[in-house]
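Novice: Handing you this structure, nothing more for now.
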Amino acid sequence: MPKNLEVKSRQDVISWVFIFPAALLLLITKFWPIIKAFILSFQSGVGLNTSFSGLKNYARMLQDNLLHISIFNTFFYLLLQVPIMLIIAIILAALLNDHRLKFKGFFRTAIFLPCAMSLVSYAIIFRSLFARDGFVNLILTKLNILNNPVNWLADPWMARIVIVIALTWRWTGYNMIFYLAGLQGIDPAVYEAAKIDGASAFTSFRKITVPLLKPMILLTSITSISGTLQLFDETKNLTNGGPANSTISISHYIYNLSFAYSPQFGYAAAVSFLVLIMVATLSFIELKAGDRR
Amino acid sequence: MIKKRISMIVEYFVLILSSAIALFPIFWTFTSATNKSIDVLAGRVLPGAKLFENLHNLLKAANVGQAMLNSSKYSILTTLGSVLICSIAGYAFEVYYTRAKNMLFNVLLLSMMIPFAATMIPLYTLFGKLDLLNTTLGFALPSLSTALLIFLFRQCAQSFPKSIIESARIDGASEIRIFFEFFMPINRHTFAAGITVAFMNNWNNYLWPLIIMQTPTSRTMPQLIANLTSGYVTDYGMLMLAVSISILPTLVVFLILQKNFIEGITGAVR
């Protein structure tokens, strides 16, 4: 018996050794900085010369027009882009799950491939495609859909739409893979039975596919929401926040506050805390909503 | 029967259209890399003969070799490190389950909610003090341990038969050997998936290197590309060549590992 106990306690020590590096790293690179950021958010000053200033940074957020624009933009991207993308992803996954379909591997790879692109690269590709003298204008004017080229990226609303199109292009395949993975767990016999009962393809999609994919829908919407709230690379490289900061995202604004303008780390930390609260709240609401279903 | 035929046609139509939309910008990037800037803007989609001219201009304009080398070094080391650290942790959380460990696991998962923007300022000042700016370790540290990877490997350990562990122990294998000689090879799909995801994220990482890689010799490919467009006149042929070069490694890694990737994700979420 003592020998057995010894083995057990040695296993216990080893198991903690296995976990230690991962836990320590997350502690240093995630939890410590977020506490530090919280403290920093009560300080103000330029660069590293900061002093305690109470709630001044939080009060400043209420007055900061540019912050309000960045929040508006981020939620615009969120509310328009995430639902469109997830709906397209589910439809594509359901189509690809059809066992009669040929060339499945090709379609799957093709639709997923945009994910292999770096955010900077695809932002630049879309900037080039949608430039005033770019490819999209050329095609649209040649097809007589447009009389004159549209200056997509110079108009605030058009620029926002281009960002939404670009985001959808890049991330739809990524989410589709999660749905495909979820669909593998569904027995094809369920669909056969539904068909025998006279259910149309749309009915079985609505009544079988979507409900069984709930956990995956939850996972993908949480990651998409948190990803969109942290949007940076695209607005930086597609529009650089322009025209006149009209497409700037919250993360982009935080970056500008910290590294592009004269550094105001305290205020930037306060704004980033706002992002944390938004991500946490939205994830919490989602989890609750997911539970109830 | 006719209805069935029509529904198949619609399916193929939707999938072919989606594939075309997905592939066109990538195709266009590669062909533009072989065209003159003027032709790119004129809407030429076919390959041209200006590849070497663009390459010549690109090499003159930016140190692509150095950036590719940096990006490769940072991403390969970070990827291997993170998959090792996270897989062994995820495995331990599941195989040596205790309530204390489970609580720790849940706390670590919370880190997924912490936006990078919120941590970058304290991290930047800390790394400055520790002299980690412009170093591989500085690039790697924030990406070495991620909740997503730990989660992926814990899920995968759940379906790993306990009997394998028991019989290996009876044969006298040490705990670490069980991990490397049994868990790893059996779950190679999940490892391939983990490597694919981590490599893409590291290769494409932009914000963090933008902050800490400040010397010309430490810059990464995404930084180099972003810099190419900062001038008044953009040479699109040259730019698209740089983009093509930078997406090649992730495309190759993905195309090699994609079967494993999809099976790995599927296996882990089942």
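Note on naming: chains are A, B, ... as they come in the structure tokens, residues start from 1 per chain, ligands start from 1 in the order shown.
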Excluding Ala33 in chain B and any residue of its chain fewer than 2 positions from it, enumerate the residues within 8 Å of it, using only C-alpha atoms, and give them as a VMD selection string.
Specialist: chain B and resid 29 to 31 35 50 to 51 54 236 to 242 244
Novice: I want to know what sits within 10 Å of Trp157 in chain A, based on only C-alpha atoms, with residues of the same chain fewer than 6 positions away left out; could you give that as JSON, numbers by chain?
Specialist: {"A": [163, 243, 246, 247]}
Novice: Store the residues picked out above in a file with N, CA and C atoms, as a short mmCIF file (atom, residue, chain, number, x, y, z; two decimals), in the first residue's frame.
Specialist:
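The result, written out as selection_32.cif:
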data_model
loop_
_atom_site.label_atom_id
_atom_site.label_comp_id
_atom_site.auth_asym_id
_atom_site.auth_seq_id
_atom_site.Cartn_x
_atom_site.Cartn_y
_atom_site.Cartn_z
N ILE A 163 -15.37 46.99 -45.39
CA ILE A 163 -14.80 46.27 -44.26
C ILE A 163 -15.66 45.04 -43.93
N PRO A 243 -12.18 57.27 -44.03
CA PRO A 243 -11.82 58.68 -44.12
C PRO A 243 -12.13 59.43 -42.82
N SER A 246 -13.63 57.78 -39.71
CA SER A 246 -15.02 57.33 -39.68
C SER A 246 -15.16 55.81 -39.66
N THR A 247 -14.09 55.05 -39.89
CA THR A 247 -14.21 53.60 -39.82
C THR A 247 -13.39 52.99 -38.69
#
Novice: With only C-alpha atoms as the counted atoms, please give the residues lying no more than 7 Å from Thr79 in chain B, apart from itself and same-chain residues fewer than 2 positions off, as a VMD selection string.
Specialist: chain B and resid 75 to 77 81 to 83 195 198 to 199
Novice: Take the residues just selected and output them with C-alpha atoms as a tab-separated table (two decimals), in the first residue's frame.
Specialist:
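What ended up in part20.tsv:
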chain	number	residue	atom	x	y	z
B	75	SER	CA	6.50	31.51	-35.93
B	76	ILE	CA	8.11	28.08	-36.08
B	77	LEU	CA	9.65	28.35	-32.60
B	81	GLY	CA	6.63	25.76	-28.08
B	82	SER	CA	2.95	26.55	-27.73
B	83	VAL	CA	1.72	23.19	-29.03
B	195	ILE	CA	0.06	23.25	-35.30
B	198	ALA	CA	-0.95	28.15	-34.06
B	199	PHE	CA	1.30	28.57	-37.09
Novice: List as a ChimeraX atom specification the protein and nucleic acid residues near Lys56 in chain A, meaning an atom at most 10 Å away when only C-alpha atoms are counted, but skip any in the same chain fewer than 3 places from it.
Specialist: /A:41-44,52-53,59-61,266-267,270
Novice: Within 7 Å of chain A, which residues of chain B are there when counting only C-alpha atoms? Please give them as number ranges by chain.
Specialist: B: 11, 15, 18-19, 22-23, 41, 43, 85-86, 88-89, 92, 96, 111, 113-115, 117-119, 121-123, 142, 145, 200, 204, 222, 226, 243, 247, 250-251, 254, 262, 265-266, 270
Novice: Nearest residue to His56 in chain B out of B:Ser163, B:Gly138, B:Arg188, B:Thr34, using only C-alpha atoms?
Specialist: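 Checking each of B:Ser163, B:Gly138, B:Arg188, B:Thr34 against His56 in chain B, counting only C-alpha atoms, the winner is B:Thr34.
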Novice: Would you give me, as a Markdown table, each residue of range 163-201 of chain A having an atom within 12 Å of an atom of range 71-80 of chain A, along with its shortest atom pair and that distance in Å to one decimal, using only C-alpha atoms and sorting by chain and residue number?
Specialist:
| residue | atom | partner | partner_atom | distance |
| --- | --- | --- | --- | --- |
| A:Ile163 | CA | A:Tyr77 | CA | 7.9 |
| A:Val164 | CA | A:Tyr77 | CA | 6.2 |
| A:Ile165 | CA | A:Tyr77 | CA | 10.0 |
| A:Ala166 | CA | A:Tyr77 | CA | 11.0 |
| A:Leu167 | CA | A:Tyr77 | CA | 8.9 |
| A:Thr168 | CA | A:Leu80 | CA | 10.1 |
Novice: Skipping near chain neighbours, those fewer than 5 positions away, what residues fall within 12 Å of Pro188 in chain A using only C-alpha atoms, listed as a list in words?
Specialist: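 With the cut-off at 12 Å, the set is Ala94, Asn97, Asp98, His99, Arg100, Leu183, Ala193, Ala194, Lys195, Ser204, Ile208 and Thr209 of chain A.
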Novice: Given the choices B:Ala100, B:Val95, B:Leu17, B:Val40, which gets closest to Glu166 in chain B if the distance is worked out from only C-alpha atoms?
Specialist: B:Val95
Novice: Report, in Å to a single decimal, how far apart CA of Gln223 in chain B and CA of Asn205 in chain B are.
Specialist: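 Between these atoms lies a distance of 9.4 Å.
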Novice: Between CA of Lys259 in chain B and CA of Thr190 in chain B, measure the distance and give it in Å to one decimal.
Specialist: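 Answer for the CA of Lys259 in chain B to CA of Thr190 in chain B separation: 10.8 Å.
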